[in-house]
Structure formats: C-alpha cells, structure tokens
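Asks: A single structure is presented below for examination.
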Amino acid sequence: KCRLAIQSGPLLTALEQTWHPECFTCDSCSRCIAKEHYFIANNAPVCLQCHKDKFMPKCAQCDQSLESDKPYLCFQNSSYHSQCFTCDECGEALWNRKFVVNKKLRLCPHHTPAA
C-alpha cells in the first residue's frame, strides 16, 4: 500500500503480492493484520472483526454475527442463533421444538391458543 520499494528486512507475501508487514492492513479498518488470520473480501484483506461485522449474516433477534461453526437456523427469511430463537411470550428456546406462529408471534406449546 505504501508503494515504497521493498529492499531488505521482513517481508510478507499474500494475495500474490509482497508487502512490508506494517503495510499489510485490513481494507476496512486499516489495522495491521500481518500476524493475524484474515479473510478476503472484494479482493482485499479484511480482519476477523470486520469480516464478522460487515460480511457475516446477522441474527434477527440480537443483531450479532452468525458464525458458521455454531448452530443457527433460518425461519421466514431471517436467521437466528439457536439460543435467540425463542417463544415471543415467555422467552423459552424453540430450537428443535414444536412451535406455532400466531399473528406473527412464535409461540411454544404452553402459549399456543386453543383451537
């Protein structure tokens, strides 16, 4: 990024380019990521936190990033952490349980209206 000649000293090779380690920064927040894991977004390096904040899907309940190594579910075009998918009446978790949708509310069996 600095466009200065690479002479001697420590070098870093990434994205088919050679970098001064201090110049290898997150394209989003500009933090140095030379010694960190990084992601590629729009052909540029991005730190883990920016990747989570800007590119990972968000939970419709808590607005936090959904990570691919943790369980989450999709319901009515929204995604939820397993612990965030709850009964709208009592807050009981509905993950792997039967529930009913009544007037756009997710309800556990205890709060399902009688037919």
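Just so we're on the same page: first chain in the structure tokens is A, next is B, and so on; residues restart at 1 for each chain, and ligands are numbered from 1 in the order they show up.
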Env of A:Leu73: 12 Å cut, atoms = only C-alpha atoms, seq-sep filter 3 positions within chain, self excluded. Answer as a ChimeraX atom specification.

Replies: /A:57-61,66-68,70,76-86,94-96

Asks: For those residues, write N, CA and C atoms to a file as a PDB file, in the first residue's frame.

Replies:
```pdb
ATOM      1  N   PRO A  57     -23.687 -13.029   8.036  1.00  0.00           N
ATOM      2  CA  PRO A  57     -25.108 -12.762   8.298  1.00  0.00           C
ATOM      3  C   PRO A  57     -25.331 -12.469   9.786  1.00  0.00           C
ATOM      4  N   LYS A  58     -26.366 -11.713  10.079  1.00  0.00           N
ATOM      5  CA  LYS A  58     -26.675 -11.311  11.464  1.00  0.00           C
ATOM      6  C   LYS A  58     -27.922 -12.025  11.963  1.00  0.00           C
ATOM      7  N   CYS A  59     -27.947 -12.250  13.261  1.00  0.00           N
ATOM      8  CA  CYS A  59     -29.116 -12.830  13.925  1.00  0.00           C
ATOM      9  C   CYS A  59     -30.229 -11.768  13.941  1.00  0.00           C
ATOM     10  N   ALA A  60     -31.428 -12.162  13.554  1.00  0.00           N
ATOM     11  CA  ALA A  60     -32.565 -11.240  13.517  1.00  0.00           C
ATOM     12  C   ALA A  60     -32.998 -10.809  14.919  1.00  0.00           C
ATOM     13  N   GLN A  61     -32.633 -11.580  15.934  1.00  0.00           N
ATOM     14  CA  GLN A  61     -33.039 -11.259  17.308  1.00  0.00           C
ATOM     15  C   GLN A  61     -32.034 -10.337  17.996  1.00  0.00           C
ATOM     16  N   LEU A  66     -23.642 -14.328  12.865  1.00  0.00           N
ATOM     17  CA  LEU A  66     -23.833 -15.772  12.920  1.00  0.00           C
ATOM     18  C   LEU A  66     -22.553 -16.415  12.399  1.00  0.00           C
ATOM     19  N   GLU A  67     -21.969 -17.298  13.180  1.00  0.00           N
ATOM     20  CA  GLU A  67     -20.728 -17.937  12.778  1.00  0.00           C
ATOM     21  C   GLU A  67     -21.023 -19.335  12.266  1.00  0.00           C
ATOM     22  N   SER A  68     -20.317 -19.708  11.220  1.00  0.00           N
ATOM     23  CA  SER A  68     -20.610 -20.976  10.556  1.00  0.00           C
ATOM     24  C   SER A  68     -20.298 -22.198  11.413  1.00  0.00           C
ATOM     25  N   LYS A  70     -21.075 -22.487  14.599  1.00  0.00           N
ATOM     26  CA  LYS A  70     -22.049 -22.581  15.691  1.00  0.00           C
ATOM     27  C   LYS A  70     -23.438 -22.748  15.091  1.00  0.00           C
ATOM     28  N   GLN A  76     -38.581 -18.021   8.111  1.00  0.00           N
ATOM     29  CA  GLN A  76     -39.278 -16.919   7.452  1.00  0.00           C
ATOM     30  C   GLN A  76     -38.307 -15.825   6.984  1.00  0.00           C
ATOM     31  N   ASN A  77     -37.303 -16.242   6.221  1.00  0.00           N
ATOM     32  CA  ASN A  77     -36.311 -15.340   5.625  1.00  0.00           C
ATOM     33  C   ASN A  77     -35.450 -14.585   6.629  1.00  0.00           C
ATOM     34  N   SER A  78     -35.378 -15.057   7.853  1.00  0.00           N
ATOM     35  CA  SER A  78     -34.492 -14.478   8.863  1.00  0.00           C
ATOM     36  C   SER A  78     -33.653 -15.592   9.473  1.00  0.00           C
ATOM     37  N   SER A  79     -32.476 -15.222   9.972  1.00  0.00           N
ATOM     38  CA  SER A  79     -31.575 -16.184  10.610  1.00  0.00           C
ATOM     39  C   SER A  79     -31.442 -15.859  12.089  1.00  0.00           C
ATOM     40  N   TYR A  80     -31.257 -16.909  12.896  1.00  0.00           N
ATOM     41  CA  TYR A  80     -31.216 -16.757  14.356  1.00  0.00           C
ATOM     42  C   TYR A  80     -30.150 -17.673  14.959  1.00  0.00           C
ATOM     43  N   HIS A  81     -29.464 -17.203  16.011  1.00  0.00           N
ATOM     44  CA  HIS A  81     -28.685 -18.117  16.842  1.00  0.00           C
ATOM     45  C   HIS A  81     -29.677 -19.101  17.462  1.00  0.00           C
ATOM     46  N   SER A  82     -29.240 -20.299  17.748  1.00  0.00           N
ATOM     47  CA  SER A  82     -30.160 -21.278  18.332  1.00  0.00           C
ATOM     48  C   SER A  82     -30.750 -20.777  19.651  1.00  0.00           C
ATOM     49  N   GLN A  83     -29.962 -20.066  20.460  1.00  0.00           N
ATOM     50  CA  GLN A  83     -30.466 -19.578  21.747  1.00  0.00           C
ATOM     51  C   GLN A  83     -31.357 -18.340  21.598  1.00  0.00           C
ATOM     52  N   CYS A  84     -31.328 -17.700  20.439  1.00  0.00           N
ATOM     53  CA  CYS A  84     -32.135 -16.491  20.223  1.00  0.00           C
ATOM     54  C   CYS A  84     -33.499 -16.793  19.609  1.00  0.00           C
ATOM     55  N   PHE A  85     -33.679 -18.001  19.118  1.00  0.00           N
ATOM     56  CA  PHE A  85     -34.969 -18.355  18.523  1.00  0.00           C
ATOM     57  C   PHE A  85     -35.866 -18.823  19.651  1.00  0.00           C
ATOM     58  N   THR A  86     -36.705 -17.921  20.162  1.00  0.00           N
ATOM     59  CA  THR A  86     -37.463 -18.176  21.393  1.00  0.00           C
ATOM     60  C   THR A  86     -38.942 -17.851  21.224  1.00  0.00           C
ATOM     61  N   LEU A  94     -36.875 -22.320  21.369  1.00  0.00           N
ATOM     62  CA  LEU A  94     -37.678 -23.144  20.470  1.00  0.00           C
ATOM     63  C   LEU A  94     -36.817 -24.016  19.569  1.00  0.00           C
ATOM     64  N   TRP A  95     -35.525 -23.951  19.711  1.00  0.00           N
ATOM     65  CA  TRP A  95     -34.604 -24.753  18.912  1.00  0.00           C
ATOM     66  C   TRP A  95     -34.939 -26.236  19.073  1.00  0.00           C
ATOM     67  N   ASN A  96     -35.178 -26.917  17.969  1.00  0.00           N
ATOM     68  CA  ASN A  96     -35.517 -28.347  17.957  1.00  0.00           C
ATOM     69  C   ASN A  96     -36.794 -28.666  18.729  1.00  0.00           C
TER      70      ASN A  96
END
```

Asks: Determine, counting only C-alpha atoms, which protein, DNA and RNA residues have an atom within 10 Å of an atom of stretch 11-24 of chain A; residues of the same chain fewer than 2 positions away are not included. Present the result as a list in words.

Replies: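 In the requested form, the answer reads Lys1, Cys2, Arg3, Leu4, Ala5, Ile6, Gln7, Ser8, Gly9, Cys26, Asp27, Ser30, Arg31, Cys32, Ile33, Ala34, Lys35, Ile40, Asn43, Ala44, Pro45 and Val46 of chain A.
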
Asks: Give the alpha helix (DSSP H) residues of chain A, as DSSP finds them on the backbone, and put them as a ChimeraX atom specification.

Replies: /A:48-55

Asks: Write a file of the just-selected residues containing N, CA, C and O atoms, as an mmCIF file, in the first residue's frame.

Replies:
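Output below, filename part.cif:
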```
data_model
loop_
_atom_site.group_PDB
_atom_site.id
_atom_site.type_symbol
_atom_site.label_atom_id
_atom_site.label_comp_id
_atom_site.auth_asym_id
_atom_site.auth_seq_id
_atom_site.Cartn_x
_atom_site.Cartn_y
_atom_site.Cartn_z
ATOM 1 N N LEU A 48 -10.586 -10.310 11.111
ATOM 2 C CA LEU A 48 -11.682 -11.151 11.581
ATOM 3 C C LEU A 48 -12.873 -10.319 12.057
ATOM 4 O O LEU A 48 -14.016 -10.595 11.706
ATOM 5 N N GLN A 49 -12.614 -9.282 12.844
ATOM 6 C CA GLN A 49 -13.718 -8.478 13.387
ATOM 7 C C GLN A 49 -14.493 -7.763 12.282
ATOM 8 O O GLN A 49 -15.722 -7.755 12.279
ATOM 9 N N CYS A 50 -13.803 -7.182 11.329
ATOM 10 C CA CYS A 50 -14.501 -6.503 10.221
ATOM 11 C C CYS A 50 -15.252 -7.507 9.361
ATOM 12 O O CYS A 50 -16.349 -7.206 8.868
ATOM 13 N N HIS A 51 -14.674 -8.689 9.190
ATOM 14 C CA HIS A 51 -15.371 -9.721 8.426
ATOM 15 C C HIS A 51 -16.681 -10.088 9.115
ATOM 16 O O HIS A 51 -17.728 -10.171 8.479
ATOM 17 N N LYS A 52 -16.632 -10.274 10.432
ATOM 18 C CA LYS A 52 -17.854 -10.578 11.191
ATOM 19 C C LYS A 52 -18.862 -9.441 11.080
ATOM 20 O O LYS A 52 -20.034 -9.653 10.818
ATOM 21 N N ASP A 53 -18.395 -8.216 11.288
ATOM 22 C CA ASP A 53 -19.291 -7.060 11.327
ATOM 23 C C ASP A 53 -19.913 -6.724 9.974
ATOM 24 O O ASP A 53 -21.056 -6.295 9.905
ATOM 25 N N LYS A 54 -19.166 -6.919 8.904
ATOM 26 C CA LYS A 54 -19.626 -6.428 7.606
ATOM 27 C C LYS A 54 -20.069 -7.496 6.629
ATOM 28 O O LYS A 54 -20.842 -7.204 5.724
ATOM 29 N N PHE A 55 -19.570 -8.732 6.808
ATOM 30 C CA PHE A 55 -19.829 -9.731 5.770
ATOM 31 C C PHE A 55 -20.562 -10.976 6.242
ATOM 32 O O PHE A 55 -21.069 -11.725 5.428
#
```

Asks: Using DSSP secondary structure from the backbone, list all strand (DSSP E) positions within stretch 19-65 of chain A, as a PDB file with N, CA, C and O atoms, in the first residue's frame.

Replies:
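Okay, result_25.pdb is ready:
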```
ATOM      1  N   TRP A  19       4.587  -7.546   0.628  1.00  0.00           N
ATOM      2  CA  TRP A  19       4.230  -6.401   1.465  1.00  0.00           C
ATOM      3  C   TRP A  19       5.293  -6.173   2.538  1.00  0.00           C
ATOM      4  O   TRP A  19       5.919  -7.115   3.014  1.00  0.00           O
ATOM      5  N   TYR A  38      -6.753 -13.691   8.439  1.00  0.00           N
ATOM      6  CA  TYR A  38      -7.532 -12.669   7.747  1.00  0.00           C
ATOM      7  C   TYR A  38      -8.434 -13.335   6.715  1.00  0.00           C
ATOM      8  O   TYR A  38      -8.278 -14.507   6.384  1.00  0.00           O
ATOM      9  N   PHE A  39      -9.372 -12.586   6.217  1.00  0.00           N
ATOM     10  CA  PHE A  39     -10.293 -13.032   5.176  1.00  0.00           C
ATOM     11  C   PHE A  39     -10.078 -12.162   3.948  1.00  0.00           C
ATOM     12  O   PHE A  39      -9.507 -11.071   4.047  1.00  0.00           O
ATOM     13  N   ILE A  40     -10.552 -12.637   2.826  1.00  0.00           N
ATOM     14  CA  ILE A  40     -10.508 -11.859   1.600  1.00  0.00           C
ATOM     15  C   ILE A  40     -11.935 -11.395   1.298  1.00  0.00           C
ATOM     16  O   ILE A  40     -12.851 -12.200   1.240  1.00  0.00           O
ATOM     17  N   ALA A  41     -12.100 -10.115   1.133  1.00  0.00           N
ATOM     18  CA  ALA A  41     -13.400  -9.541   0.767  1.00  0.00           C
ATOM     19  C   ALA A  41     -13.151  -8.516  -0.324  1.00  0.00           C
ATOM     20  O   ALA A  41     -12.332  -7.605  -0.149  1.00  0.00           O
ATOM     21  N   ALA A  44      -9.488  -7.975  -1.212  1.00  0.00           N
ATOM     22  CA  ALA A  44      -8.631  -7.252  -0.275  1.00  0.00           C
ATOM     23  C   ALA A  44      -8.638  -7.971   1.076  1.00  0.00           C
ATOM     24  O   ALA A  44      -9.618  -8.630   1.432  1.00  0.00           O
ATOM     25  N   PRO A  45      -7.555  -7.845   1.859  1.00  0.00           N
ATOM     26  CA  PRO A  45      -7.516  -8.481   3.178  1.00  0.00           C
ATOM     27  C   PRO A  45      -8.418  -7.761   4.174  1.00  0.00           C
ATOM     28  O   PRO A  45      -8.489  -6.528   4.177  1.00  0.00           O
ATOM     29  N   VAL A  46      -9.114  -8.546   4.989  1.00  0.00           N
ATOM     30  CA  VAL A  46     -10.023  -7.987   5.997  1.00  0.00           C
ATOM     31  C   VAL A  46      -9.794  -8.749   7.303  1.00  0.00           C
ATOM     32  O   VAL A  46      -9.708  -9.976   7.301  1.00  0.00           O
ATOM     33  N   CYS A  47      -9.703  -8.032   8.419  1.00  0.00           N
ATOM     34  CA  CYS A  47      -9.503  -8.671   9.721  1.00  0.00           C
ATOM     35  C   CYS A  47     -10.755  -9.449  10.140  1.00  0.00           C
ATOM     36  O   CYS A  47     -11.844  -9.243   9.591  1.00  0.00           O
TER      37      CYS A  47
END
```

Asks: With only C-alpha atoms as the basis for distance, which of A:Asp63, A:Leu105, A:Cys87, A:Ser28 is at the shortest distance from A:Asn42?

Replies: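 Smallest distance to A:Asn42 is found for A:Ser28.
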
Asks: May I ask for the distance between atom CA of A:Met56 and atom CA of A:Ala93, given in Å to one decimal place?

Replies: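 These atoms are spaced 23.2 Å apart.
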
Asks: So what do you get for atom CA of A:Pro71 versus atom CA of A:Lys103, distance-wise?

Replies: 26.8 Å

Asks: Quick check, in Å to one decimal: how far apart do atom CA of A:Cys74 and atom CA of A:Thr112 lie?

Replies: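 Straight-line distance from atom CA of A:Cys74 to atom CA of A:Thr112 works out to 21.2 Å.
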